[in-house]
>>> print(open('start.csv').read())   # CSV, C-alpha atoms and all ligand atoms
chain,number,residue,atom,x,y,z
I,1,MET,CA,-65.3,45.7,-48.3
I,2,ILE,CA,-64.9,42.0,-49.1
I,3,ASN,CA,-67.9,39.8,-48.7
I,4,PHE,CA,-67.5,36.2,-47.8
I,5,ASP,CA,-69.4,33.4,-46.0
I,6,TYR,CA,-68.0,32.0,-42.8
I,7,ILE,CA,-68.6,28.5,-41.3
I,8,ARG,CA,-66.9,26.5,-38.6
I,9,VAL,CA,-66.2,22.8,-38.7
I,10,SER,CA,-65.1,20.5,-35.9
I,11,THR,CA,-63.8,17.3,-37.6
I,12,PRO,CA,-61.1,16.8,-40.3
I,13,THR,CA,-63.7,15.0,-42.4
I,14,ALA,CA,-66.1,18.0,-42.3
I,15,ALA,CA,-63.2,20.3,-43.2
I,16,VAL,CA,-62.2,18.2,-46.2
I,17,ASP,CA,-65.9,17.9,-47.3
I,18,ALA,CA,-66.4,21.7,-47.1
I,19,LEU,CA,-63.6,22.4,-49.6
I,20,ALA,CA,-64.6,19.4,-51.8
I,21,LYS,CA,-68.1,20.8,-52.1
I,22,ASP,CA,-67.1,24.4,-52.8
I,23,LYS,CA,-64.3,25.5,-55.1
I,24,ALA,CA,-64.4,29.0,-53.8
I,25,ALA,CA,-63.9,28.0,-50.1
I,26,GLN,CA,-60.7,28.2,-48.2
I,27,TRP,CA,-59.7,27.1,-44.7
I,28,ILE,CA,-58.7,29.6,-42.1
I,29,ALA,CA,-56.6,28.9,-39.1
I,30,GLY,CA,-54.8,31.8,-37.3
I,31,GLY,CA,-55.6,34.1,-40.2
I,32,THR,CA,-52.3,35.9,-39.9
I,33,ASN,CA,-51.4,35.4,-43.5
I,34,LEU,CA,-54.8,34.7,-45.2
I,35,ILE,CA,-56.5,37.8,-43.9
I,36,ASP,CA,-53.6,40.0,-45.1
I,37,LEU,CA,-53.8,38.5,-48.5
I,38,MET,CA,-57.5,39.1,-48.7
I,39,LYS,CA,-57.2,42.7,-47.6
I,40,LYS,CA,-54.6,43.3,-50.3
I,41,GLY,CA,-56.8,41.7,-52.9
I,42,VAL,CA,-54.3,38.9,-53.7
I,43,LEU,CA,-56.8,36.2,-52.6
I,44,ASN,CA,-60.5,36.3,-52.7
I,45,PRO,CA,-62.1,33.2,-51.2
I,46,GLN,CA,-65.9,33.4,-51.2
I,47,LYS,CA,-66.2,31.2,-48.1
I,48,LEU,CA,-63.9,30.9,-45.1
I,49,VAL,CA,-64.0,27.5,-43.3
I,50,ASP,CA,-62.7,28.0,-39.8
I,51,ILE,CA,-60.7,24.9,-38.7
I,52,ASN,CA,-59.7,26.1,-35.3
I,53,ASN,CA,-62.1,23.7,-33.5
I,54,LEU,CA,-60.5,20.6,-35.1
I,55,PRO,CA,-58.8,18.3,-32.6
I,56,LEU,CA,-55.3,19.0,-34.1
I,57,LYS,CA,-53.5,20.8,-31.3
I,58,GLU,CA,-51.6,18.0,-29.7
I,59,ILE,CA,-47.8,18.0,-29.0
I,60,ARG,CA,-46.9,14.5,-27.8
I,61,LYS,CA,-44.3,11.8,-28.0
I,62,GLU,CA,-45.4,8.6,-29.7
I,63,GLY,CA,-42.6,6.0,-29.5
I,64,LYS,CA,-39.6,7.4,-31.4
I,65,VAL,CA,-41.4,10.4,-32.9
I,66,LEU,CA,-42.6,13.7,-31.7
I,67,ARG,CA,-46.1,14.4,-33.1
I,68,ILE,CA,-47.3,18.0,-33.5
I,69,GLY,CA,-50.8,18.8,-34.6
I,70,ALA,CA,-51.4,21.2,-37.5
I,71,LEU,CA,-53.3,23.6,-35.2
I,72,ALA,CA,-50.7,23.7,-32.5
I,73,LEU,CA,-49.8,27.4,-32.1
I,74,ASN,CA,-46.2,28.5,-33.1
I,75,SER,CA,-45.8,29.9,-29.5
I,76,ASP,CA,-47.0,26.7,-27.8
I,77,VAL,CA,-44.7,24.6,-29.9
I,78,SER,CA,-41.7,26.8,-29.3
I,79,GLU,CA,-42.2,26.7,-25.5
I,80,HIS,CA,-43.2,23.1,-25.1
I,81,GLU,CA,-41.0,21.0,-22.8
I,82,LEU,CA,-40.8,18.0,-25.3
I,83,VAL,CA,-39.7,20.3,-28.1
I,84,LEU,CA,-37.2,22.2,-26.0
I,85,GLN,CA,-35.7,18.9,-24.8
I,86,SER,CA,-35.8,16.7,-28.0
I,87,GLN,CA,-36.0,19.2,-30.9
I,88,PRO,CA,-34.3,22.5,-29.7
I,89,LEU,CA,-33.5,23.5,-33.3
I,90,LEU,CA,-37.3,23.7,-34.0
I,91,ALA,CA,-37.9,25.8,-30.9
I,92,GLN,CA,-35.1,28.2,-31.9
I,93,ALA,CA,-36.4,28.6,-35.5
I,94,LEU,CA,-39.9,29.2,-34.3
I,95,LYS,CA,-38.8,31.9,-31.8
I,96,ALA,CA,-36.9,33.7,-34.7
I,97,GLY,CA,-40.2,34.1,-36.6
I,98,ALA,CA,-42.5,37.1,-36.6
I,99,SER,CA,-43.4,38.5,-33.2
I,100,GLN,CA,-44.7,37.0,-30.0
I,101,GLN,CA,-48.2,38.3,-30.8
I,102,ILE,CA,-48.2,36.7,-34.2
I,103,ARG,CA,-46.8,33.4,-32.9
I,104,ASN,CA,-49.7,33.3,-30.4
I,105,MET,CA,-52.1,33.2,-33.4
I,106,ALA,CA,-50.1,31.4,-36.1
I,107,THR,CA,-50.6,27.6,-36.4
I,108,VAL,CA,-48.1,25.0,-37.6
I,109,GLY,CA,-50.2,24.2,-40.7
I,110,GLY,CA,-50.7,27.8,-41.6
I,111,ASN,CA,-47.0,28.5,-41.2
I,112,MET,CA,-46.2,25.7,-43.7
I,113,MET,CA,-48.8,27.1,-46.1
I,114,GLN,CA,-47.9,30.8,-45.8
I,115,ARG,CA,-47.3,32.5,-49.1
I,116,THR,CA,-44.1,34.2,-50.3
I,117,ARG,CA,-43.3,37.8,-49.2
I,118,CYS,CA,-42.3,38.8,-52.8
I,119,PRO,CA,-43.6,42.4,-53.2
I,120,TYR,CA,-44.8,41.7,-56.7
I,121,PHE,CA,-46.9,38.8,-55.4
I,122,TYR,CA,-48.5,41.2,-52.8
I,123,ASN,CA,-49.3,43.9,-55.3
I,124,PRO,CA,-52.2,43.0,-57.8
I,125,ASP,CA,-51.1,45.9,-60.0
I,126,MET,CA,-47.7,44.2,-60.7
I,127,PRO,CA,-46.9,41.3,-62.9
I,128,CYS,CA,-46.5,38.0,-61.0
I,129,ASN,CA,-46.7,34.5,-62.4
I,130,LYS,CA,-47.3,33.1,-58.9
I,131,ARG,CA,-50.4,35.3,-58.3
I,132,GLU,CA,-51.6,35.4,-62.0
I,133,PRO,CA,-49.8,32.8,-64.2
I,134,GLY,CA,-48.7,34.2,-67.6
I,135,THR,CA,-48.2,37.9,-66.4
I,136,GLY,CA,-44.5,37.6,-66.0
I,137,CYS,CA,-42.1,37.9,-63.1
I,138,GLY,CA,-41.6,41.5,-62.0
I,139,ALA,CA,-38.7,40.5,-59.7
I,140,LEU,CA,-36.5,39.0,-62.3
I,141,LYS,CA,-35.2,42.4,-63.4
I,142,GLY,CA,-36.8,44.5,-60.7
I,143,PHE,CA,-36.7,44.8,-56.9
I,144,ASN,CA,-35.1,41.5,-56.0
I,145,ARG,CA,-33.1,42.1,-52.9
I,146,MET,CA,-35.0,39.4,-50.9
I,147,HIS,CA,-35.1,36.9,-53.7
I,148,ALA,CA,-33.8,33.4,-54.4
I,149,ILE,CA,-30.3,32.3,-55.5
I,150,PHE,CA,-31.0,28.6,-55.8
I,151,GLY,CA,-33.6,26.6,-57.8
I,152,THR,CA,-35.1,29.6,-59.6
I,153,SER,CA,-36.9,29.5,-63.0
I,154,ASP,CA,-37.5,32.2,-65.5
I,155,LYS,CA,-41.1,32.2,-64.2
I,156,CYS,CA,-40.3,33.0,-60.6
I,157,ILE,CA,-37.5,33.9,-58.2
I,158,ALA,CA,-39.5,34.2,-55.0
I,159,VAL,CA,-38.4,32.7,-51.7
I,160,HIS,CA,-40.2,30.6,-49.2
I,161,PRO,CA,-40.7,32.7,-46.1
I,162,SER,CA,-41.0,30.4,-43.1
I,163,ASP,CA,-38.4,30.0,-40.4
I,164,MET,CA,-40.0,26.9,-38.8
I,165,CYS,CA,-39.8,25.0,-42.1
I,166,ILE,CA,-36.1,25.5,-42.3
I,167,ALA,CA,-35.6,23.5,-39.1
I,168,LEU,CA,-38.2,20.9,-40.2
I,169,VAL,CA,-36.5,20.2,-43.4
I,170,ALA,CA,-33.2,19.7,-41.5
I,171,LEU,CA,-34.9,17.4,-39.0
I,172,ASP,CA,-36.4,15.0,-41.6
I,173,ALA,CA,-40.0,15.7,-40.5
I,174,THR,CA,-43.0,14.0,-42.2
I,175,VAL,CA,-46.2,15.8,-43.0
I,176,LEU,CA,-49.5,13.9,-42.4
I,177,VAL,CA,-52.4,15.0,-44.6
I,178,ALA,CA,-56.0,14.0,-45.3
I,179,GLY,CA,-57.9,14.7,-48.5
I,180,PRO,CA,-60.9,13.5,-50.5
I,181,LYS,CA,-58.8,10.4,-51.5
I,182,GLY,CA,-57.8,9.5,-47.9
I,183,GLU,CA,-54.7,10.1,-45.9
I,184,ARG,CA,-51.1,10.2,-47.0
I,185,ARG,CA,-47.6,11.0,-45.6
I,186,ILE,CA,-45.2,13.4,-47.3
I,187,PRO,CA,-41.5,13.7,-46.4
I,188,PHE,CA,-40.9,17.3,-45.5
I,189,GLN,CA,-38.3,17.7,-48.2
I,190,ASN,CA,-41.0,16.9,-50.8
I,191,PHE,CA,-43.7,19.1,-49.3
I,192,HIS,CA,-42.6,22.4,-50.8
I,193,ARG,CA,-41.5,22.7,-54.4
I,194,LEU,CA,-39.4,24.7,-56.8
I,195,PRO,CA,-41.2,27.1,-59.1
I,196,GLY,CA,-40.3,25.5,-62.5
I,197,GLU,CA,-43.1,26.2,-65.0
I,198,LEU,CA,-45.8,26.3,-62.3
I,199,PRO,CA,-44.8,29.0,-59.8
I,200,GLN,CA,-48.4,29.3,-58.6
I,201,ARG,CA,-47.9,26.0,-56.8
I,202,ASP,CA,-45.9,26.4,-53.6
I,203,ASN,CA,-46.2,22.8,-52.5
I,204,THR,CA,-47.2,19.3,-53.5
I,205,LEU,CA,-50.6,19.3,-51.7
I,206,GLU,CA,-53.6,18.6,-54.0
I,207,ARG,CA,-56.5,21.1,-53.7
I,208,GLY,CA,-58.6,20.0,-50.7
I,209,GLU,CA,-55.8,18.2,-48.8
I,210,LEU,CA,-55.7,19.2,-45.1
I,211,ILE,CA,-52.5,19.1,-43.1
I,212,LEU,CA,-53.2,17.0,-40.0
I,213,GLY,CA,-49.8,17.4,-38.4
I,214,LEU,CA,-46.1,16.5,-38.4
I,215,GLU,CA,-43.9,13.8,-37.1
I,216,ILE,CA,-40.3,14.4,-36.2
I,217,PRO,CA,-38.2,11.4,-35.6
I,218,ASP,CA,-35.8,11.2,-32.6
I,219,ASN,CA,-32.3,12.4,-33.5
I,220,PRO,CA,-28.9,12.9,-31.8
I,221,PHE,CA,-29.2,16.7,-32.1
I,222,ALA,CA,-30.2,17.8,-28.6
I,223,ASP,CA,-27.0,19.5,-27.7
I,224,HIS,CA,-25.3,21.2,-30.7
I,225,VAL,CA,-27.9,23.2,-32.6
I,226,HIS,CA,-28.2,26.7,-33.8
I,227,TYR,CA,-30.7,28.6,-36.0
I,228,LEU,CA,-29.1,31.7,-37.3
I,229,LYS,CA,-31.3,34.3,-39.0
I,230,VAL,CA,-29.8,37.3,-40.7
I,231,ARG,CA,-32.4,40.0,-41.3
I,232,ASP,CA,-32.8,43.8,-41.6
I,233,ARG,CA,-34.3,44.2,-38.0
I,234,SER,CA,-33.8,42.0,-35.0
I,235,SER,CA,-37.6,41.3,-34.8
I,236,TYR,CA,-40.6,41.3,-37.0
I,237,ALA,CA,-38.6,40.8,-40.2
I,238,PHE,CA,-38.2,37.9,-42.7
I,239,ALA,CA,-34.8,36.2,-43.3
I,240,LEU,CA,-32.4,37.6,-45.8
I,241,VAL,CA,-30.6,34.3,-45.2
I,242,SER,CA,-31.0,31.8,-42.4
I,243,VAL,CA,-29.3,28.6,-41.5
I,244,ALA,CA,-30.5,25.7,-39.3
I,245,ALA,CA,-27.5,23.7,-38.1
I,246,ALA,CA,-27.5,20.5,-36.1
I,247,LEU,CA,-24.4,18.6,-35.1
I,248,ALA,CA,-23.8,15.3,-33.3
I,249,LEU,CA,-20.2,15.5,-32.0
I,250,LYS,CA,-17.8,13.0,-30.4
I,251,GLY,CA,-15.0,15.2,-29.2
I,252,LYS,CA,-14.4,17.4,-32.2
I,253,THR,CA,-15.4,14.7,-34.7
I,254,ILE,CA,-18.7,15.3,-36.6
I,255,GLN,CA,-20.6,12.1,-36.3
I,256,ASP,CA,-23.8,13.4,-37.9
I,257,VAL,CA,-25.0,16.8,-39.2
I,258,ARG,CA,-28.0,18.5,-40.7
I,259,LEU,CA,-28.2,21.8,-42.5
I,260,GLY,CA,-31.2,23.7,-43.8
I,261,MET,CA,-31.1,27.1,-45.4
I,262,GLY,CA,-33.8,29.8,-45.7
I,263,GLY,CA,-34.2,33.0,-47.7
I,264,VAL,CA,-32.4,31.4,-50.6
I,265,ALA,CA,-35.0,29.3,-52.5
I,266,HIS,CA,-38.7,28.8,-53.3
I,267,LYS,CA,-38.6,25.9,-50.8
I,268,PRO,CA,-36.7,25.2,-47.6
I,269,TRP,CA,-33.2,24.4,-48.9
I,270,ARG,CA,-31.4,21.3,-47.5
I,271,LEU,CA,-27.6,21.3,-47.9
I,272,VAL,CA,-27.1,17.7,-48.6
I,273,GLU,CA,-23.7,17.9,-50.3
I,274,ALA,CA,-22.3,19.9,-47.4
I,275,GLU,CA,-23.7,17.4,-44.9
I,276,SER,CA,-22.0,14.5,-46.7
I,277,PHE,CA,-18.7,16.4,-46.8
I,278,LEU,CA,-18.8,17.2,-43.1
I,279,LYS,CA,-19.5,13.7,-41.8
I,280,GLY,CA,-16.4,12.2,-40.1
I,281,LYS,CA,-14.5,15.5,-40.3
I,282,GLN,CA,-13.2,17.7,-37.5
I,283,ALA,CA,-15.4,20.6,-36.4
I,284,THR,CA,-13.1,23.4,-37.3
I,285,GLU,CA,-13.7,26.8,-39.1
I,286,ALA,CA,-11.6,25.7,-42.1
I,287,VAL,CA,-13.7,22.6,-42.6
I,288,PHE,CA,-17.0,24.6,-42.2
I,289,ARG,CA,-15.7,27.0,-44.8
I,290,GLU,CA,-15.1,24.2,-47.3
I,291,ALA,CA,-18.6,22.8,-46.6
I,292,ALA,CA,-20.1,26.3,-47.1
I,293,ASN,CA,-18.3,26.7,-50.4
I,294,LEU,CA,-19.7,23.3,-51.5
I,295,ALA,CA,-23.2,24.3,-50.5
I,296,MET,CA,-23.0,27.5,-52.6
I,297,ARG,CA,-22.3,25.6,-55.8
I,298,GLY,CA,-24.9,26.6,-58.4
I,299,ALA,CA,-26.0,29.7,-56.6
I,300,LYS,CA,-27.0,32.6,-58.9
I,301,GLY,CA,-27.7,36.3,-58.0
I,302,TYR,CA,-30.1,38.6,-59.8
I,303,GLY,CA,-28.6,41.9,-59.1
I,304,GLN,CA,-29.9,43.4,-55.9
I,305,ASN,CA,-29.6,40.0,-54.1
I,306,ASN,CA,-26.0,39.3,-55.2
I,307,PHE,CA,-24.9,40.0,-51.6
I,308,LYS,CA,-26.5,36.7,-50.6
I,309,LEU,CA,-23.7,34.9,-52.5
I,310,LYS,CA,-21.3,36.1,-49.8
I,311,LEU,CA,-23.8,36.3,-46.9
I,312,GLY,CA,-24.9,32.7,-47.6
I,313,PRO,CA,-21.6,30.9,-46.9
I,314,ASN,CA,-20.7,33.3,-44.1
I,315,THR,CA,-24.0,32.4,-42.4
I,316,ILE,CA,-23.4,28.7,-42.8
I,317,VAL,CA,-20.0,28.9,-41.2
I,318,GLU,CA,-21.2,31.1,-38.3
I,319,ALA,CA,-24.2,28.8,-37.6
I,320,LEU,CA,-21.9,25.7,-37.5
I,321,LYS,CA,-19.5,27.5,-35.2
I,322,LYS,CA,-22.3,28.5,-32.9
I,323,ALA,CA,-23.8,25.0,-32.9
I,324,THR,CA,-20.3,23.6,-32.1
I,325,GLU,CA,-19.8,25.9,-29.1
I,326,LYS,CA,-23.0,24.7,-27.3
I,327,ALA,CA,-22.2,22.2,-24.6
I,401,LIG,C1,-45.9,41.0,-39.8
I,401,LIG,C2,-45.6,39.6,-40.0
I,401,LIG,C3,-44.3,39.1,-39.8
I,401,LIG,C4,-44.1,37.8,-40.0
I,401,LIG,N1,-42.8,37.3,-39.8
I,401,LIG,C5,-42.5,36.0,-40.0
I,401,LIG,C6,-41.2,35.5,-39.8
I,401,LIG,O1,-40.2,36.2,-39.6
I,401,LIG,N2,-41.0,34.2,-40.0
I,401,LIG,C7,-42.0,33.3,-40.3
I,401,LIG,O2,-41.7,32.1,-40.4
I,401,LIG,N3,-43.2,33.8,-40.5
I,401,LIG,C8,-43.5,35.1,-40.3
I,401,LIG,N4,-44.8,35.5,-40.5
I,401,LIG,C9,-45.8,34.6,-41.0
I,401,LIG,C10,-46.6,33.9,-40.0
I,401,LIG,O3,-45.7,32.9,-39.4
I,401,LIG,C11,-47.7,33.2,-40.8
I,401,LIG,O4,-48.6,34.2,-41.1
I,401,LIG,C12,-48.4,32.2,-40.0
I,401,LIG,O5,-47.6,31.1,-39.6
I,401,LIG,C13,-49.6,31.6,-40.7
I,401,LIG,O6,-50.3,30.7,-39.9
I,401,LIG,P1,-51.9,31.0,-39.7
I,401,LIG,O7,-52.4,29.9,-38.8
I,401,LIG,O8,-52.2,32.3,-39.2
I,401,LIG,O9,-52.4,30.7,-41.2
I,401,LIG,P2,-53.6,31.3,-41.9
I,401,LIG,O10,-53.4,32.7,-42.3
I,401,LIG,O11,-54.9,31.0,-41.2
I,401,LIG,O12,-53.6,30.4,-43.2
I,401,LIG,C14,-52.6,30.5,-44.2
I,401,LIG,C15,-52.9,29.5,-45.3
I,401,LIG,O13,-52.7,28.2,-44.8
I,401,LIG,C16,-53.9,27.4,-45.1
I,401,LIG,N5,-54.0,26.5,-44.0
I,401,LIG,C17,-54.0,26.8,-42.7
I,401,LIG,N6,-54.0,25.6,-41.9
I,401,LIG,C18,-54.0,24.6,-42.8
I,401,LIG,C19,-54.1,23.2,-42.7
I,401,LIG,N7,-54.1,22.5,-41.5
I,401,LIG,N8,-54.0,22.4,-43.8
I,401,LIG,C20,-54.0,23.0,-45.1
I,401,LIG,N9,-54.0,24.4,-45.2
I,401,LIG,C21,-54.0,25.1,-44.1
I,401,LIG,C22,-55.0,28.4,-45.2
I,401,LIG,O14,-56.1,27.9,-46.0
I,401,LIG,C23,-54.3,29.6,-45.8
I,401,LIG,O15,-54.3,29.4,-47.2
I,401,LIG,C24,-45.1,36.9,-40.3
I,401,LIG,C25,-46.4,37.3,-40.4
I,401,LIG,C26,-46.7,38.7,-40.3
I,401,LIG,C27,-48.1,39.1,-40.5
>>> encode(input="start.csv", output="structure tokens", more="lines below")
Ligand SMILES: Cc1cc2nc3c(=O)[nH]c(=O)nc-3n(C[C@H](O)[C@H](O)[C@H](O)COP(=O)(O)OP(=O)(O)OC[C@H]3O[C@@H](n4cnc5c(N)ncnc54)[C@H](O)[C@@H]3O)c2cc1C
Amino acid sequence: MINFDYIRVSTPTAAVDALAKDKAAQWIAGGTNLIDLMKKGVLNPQKLVDINNLPLKEIRKEGKVLRIGALALNSDVSEHELVLQSQPLLAQALKAGASQQIRNMATVGGNMMQRTRCPYFYNPDMPCNKREPGTGCGALKGFNRMHAIFGTSDKCIAVHPSDMCIALVALDATVLVAGPKGERRIPFQNFHRLPGELPQRDNTLERGELILGLEIPDNPFADHVHYLKVRDRSSYAFALVSVAAALALKGKTIQDVRLGMGGVAHKPWRLVEAESFLKGKQATEAVFREAANLAMRGAKGYGQNNFKLKLGPNTIVEALKKATEKA
């Protein structure tokens, strides 16, 4: 039995103050990740600060951006008319995640903050530099079928698990946060980080910074998008590899393109080189294959996950083909 205190707050200021005052406190939103981690003994907050009453559930258009509050539920976002119309890639990625029941509880902020699914991280009897810095990385030479092929370090090869975040990195979202030092805006690409020497840090938030919400700018990607998730089961499973593809086409010419990749790195992976290569080219399978080969430069397998070196480019090509087909 784990003992902890529980309080509810109703303003962002009170939420930030509660963590600033108490180093052992942690916010709880939907609880779908945090409670699992507490049950397994991976995290042990002494106080849970429930933020579900904060006024951060809005989904609305403000000028040329779509604004989504941190406490909007994954299911509400994925079914909202504004999201379906203007950011269908985000809706697809959300619907590919977890199960309907979990999406009904899970919040946007919690989804961004969810921890890796590396089995060594989830087992306190195993070495894991992310859970306990300095103990080593069990996955490097161990069970690493789900693990990263880009941006790894000798301290950690875990992957970021969210589907939603793969679409958000492709869509150039901005994260709005509030902390003891005030508010700031973080480009989505800079929100999550690579493990380097500090694998215990998943993102660039400072302790006590609360996610208020997201802004997604308008884009020309309402028609040709596809989120392709390859996984062991068709539901309730994390991505082996996923690709978020968005195309703006004039005839067969690619006028603009965005590509994000999941299941391959410690952060949502943006395929910048492939995007530059594709701009102005014809949308054909041969061109997609060249882009995919470019995107895979620098990829490295660790044994059990070597199959991702082939699955990765195939998933990129297939996602681009599917995005092209949509009228
Ligand atoms: C069986 C299962 C399968 C799943 N499959 C998938 C999947 O396929 N794809 C996928 O993407 N996800 C999947 N998930 C993960 C799920 O999407 C996350 O658990 C969920 O999004 C977390 O949101 P939450 O609101 O429940 O967060 P919580 O569990 O409440 O919180 C998680 C963390 O976020 C912090 N936090 C919450 N809100 C904020 C905020 N506003 N600011 C700062 N910190 C905050 C909390 O303090 C905590 O540390 C799965 C989960 C389960 C249990």
>>> residues_around(input="start.csv", residues="Leu171 (chain I)", least_positions_apart="3", cutoff="9 Å", atoms="all atoms listed in the file", output="list in words")
Gln87, Leu89, Leu90, Ile166, Ala167, Leu168, Phe188, Ile216, Pro217, Asp218, Asn219, Phe221, Ala246, Arg258, Leu259 and Gly260 of chain I
>>> residues_near_point(input="start.csv", point="(-35.1, 34.7, -46.6)", cutoff="10 Å", atoms="only C-alpha atoms", output="JSON, numbers by chain")
{"I": [116, 117, 145, 146, 147, 148, 158, 159, 160, 161, 162, 163, 229, 230, 231, 237, 238, 239, 240, 241, 242, 243, 261, 262, 263, 264, 265, 266, 268, 308]}
>>> residues_near_ligand(input="start.csv", ligand="ligand LIG 401 (chain I)", cutoff="6 Å", atoms="only C-alpha atoms and all ligand atoms", output="PyMOL selection string")
chain I and resi 26-34+70+97-98+105-107+109-111+113-114+161-164+210-212+236-238
>>> write_last_selection(input="start.csv", atoms="C-alpha atoms", output="tab-separated table (two decimals), in the coordinates of the input")
chain	number	residue	atom	x	y	z
I	26	GLN	CA	-60.70	28.20	-48.20
I	27	TRP	CA	-59.70	27.10	-44.70
I	28	ILE	CA	-58.70	29.60	-42.10
I	29	ALA	CA	-56.60	28.90	-39.10
I	30	GLY	CA	-54.80	31.80	-37.30
I	31	GLY	CA	-55.60	34.10	-40.20
I	32	THR	CA	-52.30	35.90	-39.90
I	33	ASN	CA	-51.40	35.40	-43.50
I	34	LEU	CA	-54.80	34.70	-45.20
I	70	ALA	CA	-51.40	21.20	-37.50
I	97	GLY	CA	-40.20	34.10	-36.60
I	98	ALA	CA	-42.50	37.10	-36.60
I	105	MET	CA	-52.10	33.20	-33.40
I	106	ALA	CA	-50.10	31.40	-36.10
I	107	THR	CA	-50.60	27.60	-36.40
I	109	GLY	CA	-50.20	24.20	-40.70
I	110	GLY	CA	-50.70	27.80	-41.60
I	111	ASN	CA	-47.00	28.50	-41.20
I	113	MET	CA	-48.80	27.10	-46.10
I	114	GLN	CA	-47.90	30.80	-45.80
I	161	PRO	CA	-40.70	32.70	-46.10
I	162	SER	CA	-41.00	30.40	-43.10
I	163	ASP	CA	-38.40	30.00	-40.40
I	164	MET	CA	-40.00	26.90	-38.80
I	210	LEU	CA	-55.70	19.20	-45.10
I	211	ILE	CA	-52.50	19.10	-43.10
I	212	LEU	CA	-53.20	17.00	-40.00
I	236	TYR	CA	-40.60	41.30	-37.00
I	237	ALA	CA	-38.60	40.80	-40.20
I	238	PHE	CA	-38.20	37.90	-42.70
>>> atom_distance(input="start.csv", atom1="CA of Pro187 (chain I)", atom2="CA of Glu273 (chain I)")
18.7 Å
>>> atom_distance(input="start.csv", atom1="CA of Gln92 (chain I)", atom2="CA of Tyr227 (chain I)")
6.0 Å
>>> atom_distance(input="start.csv", atom1="CA of His224 (chain I)", atom2="CA of Lys326 (chain I)")
5.4 Å
>>> closest_residue(input="start.csv", among="I:Ala139, I:Ala25, I:Val42, I:Ile102", to="Tyr302 (chain I)", atoms="only C-alpha atoms")
I:Ala139
>>> closest_residue(input="start.csv", among="I:Leu84, I:Met38, I:Ile186, I:Ala20", to="Ile59 (chain I)", atoms="all atoms listed in the file")
I:Leu84
>>> closest_residue(input="start.csv", among="I:Ala72, I:Gly301, I:Thr174, I:Pro124", to="Gly151 (chain I)", atoms="all atoms listed in the file")
I:Gly301
>>> closest_residue(input="start.csv", among="I:Asp5, I:Asp76, I:Glu318, I:Glu209", to="Leu228 (chain I)", atoms="only C-alpha atoms")
I:Glu318
>>> closest_residue(input="start.csv", among="I:Leu71, I:Leu66, I:Leu271, I:Cys156", to="Arg201 (chain I)", atoms="all atoms listed in the file")
I:Cys156
>>> closest_residue(input="start.csv", among="I:Lys57, I:Arg115, I:Arg207, I:Arg131", to="Leu19 (chain I)", atoms="all atoms listed in the file")
I:Arg207
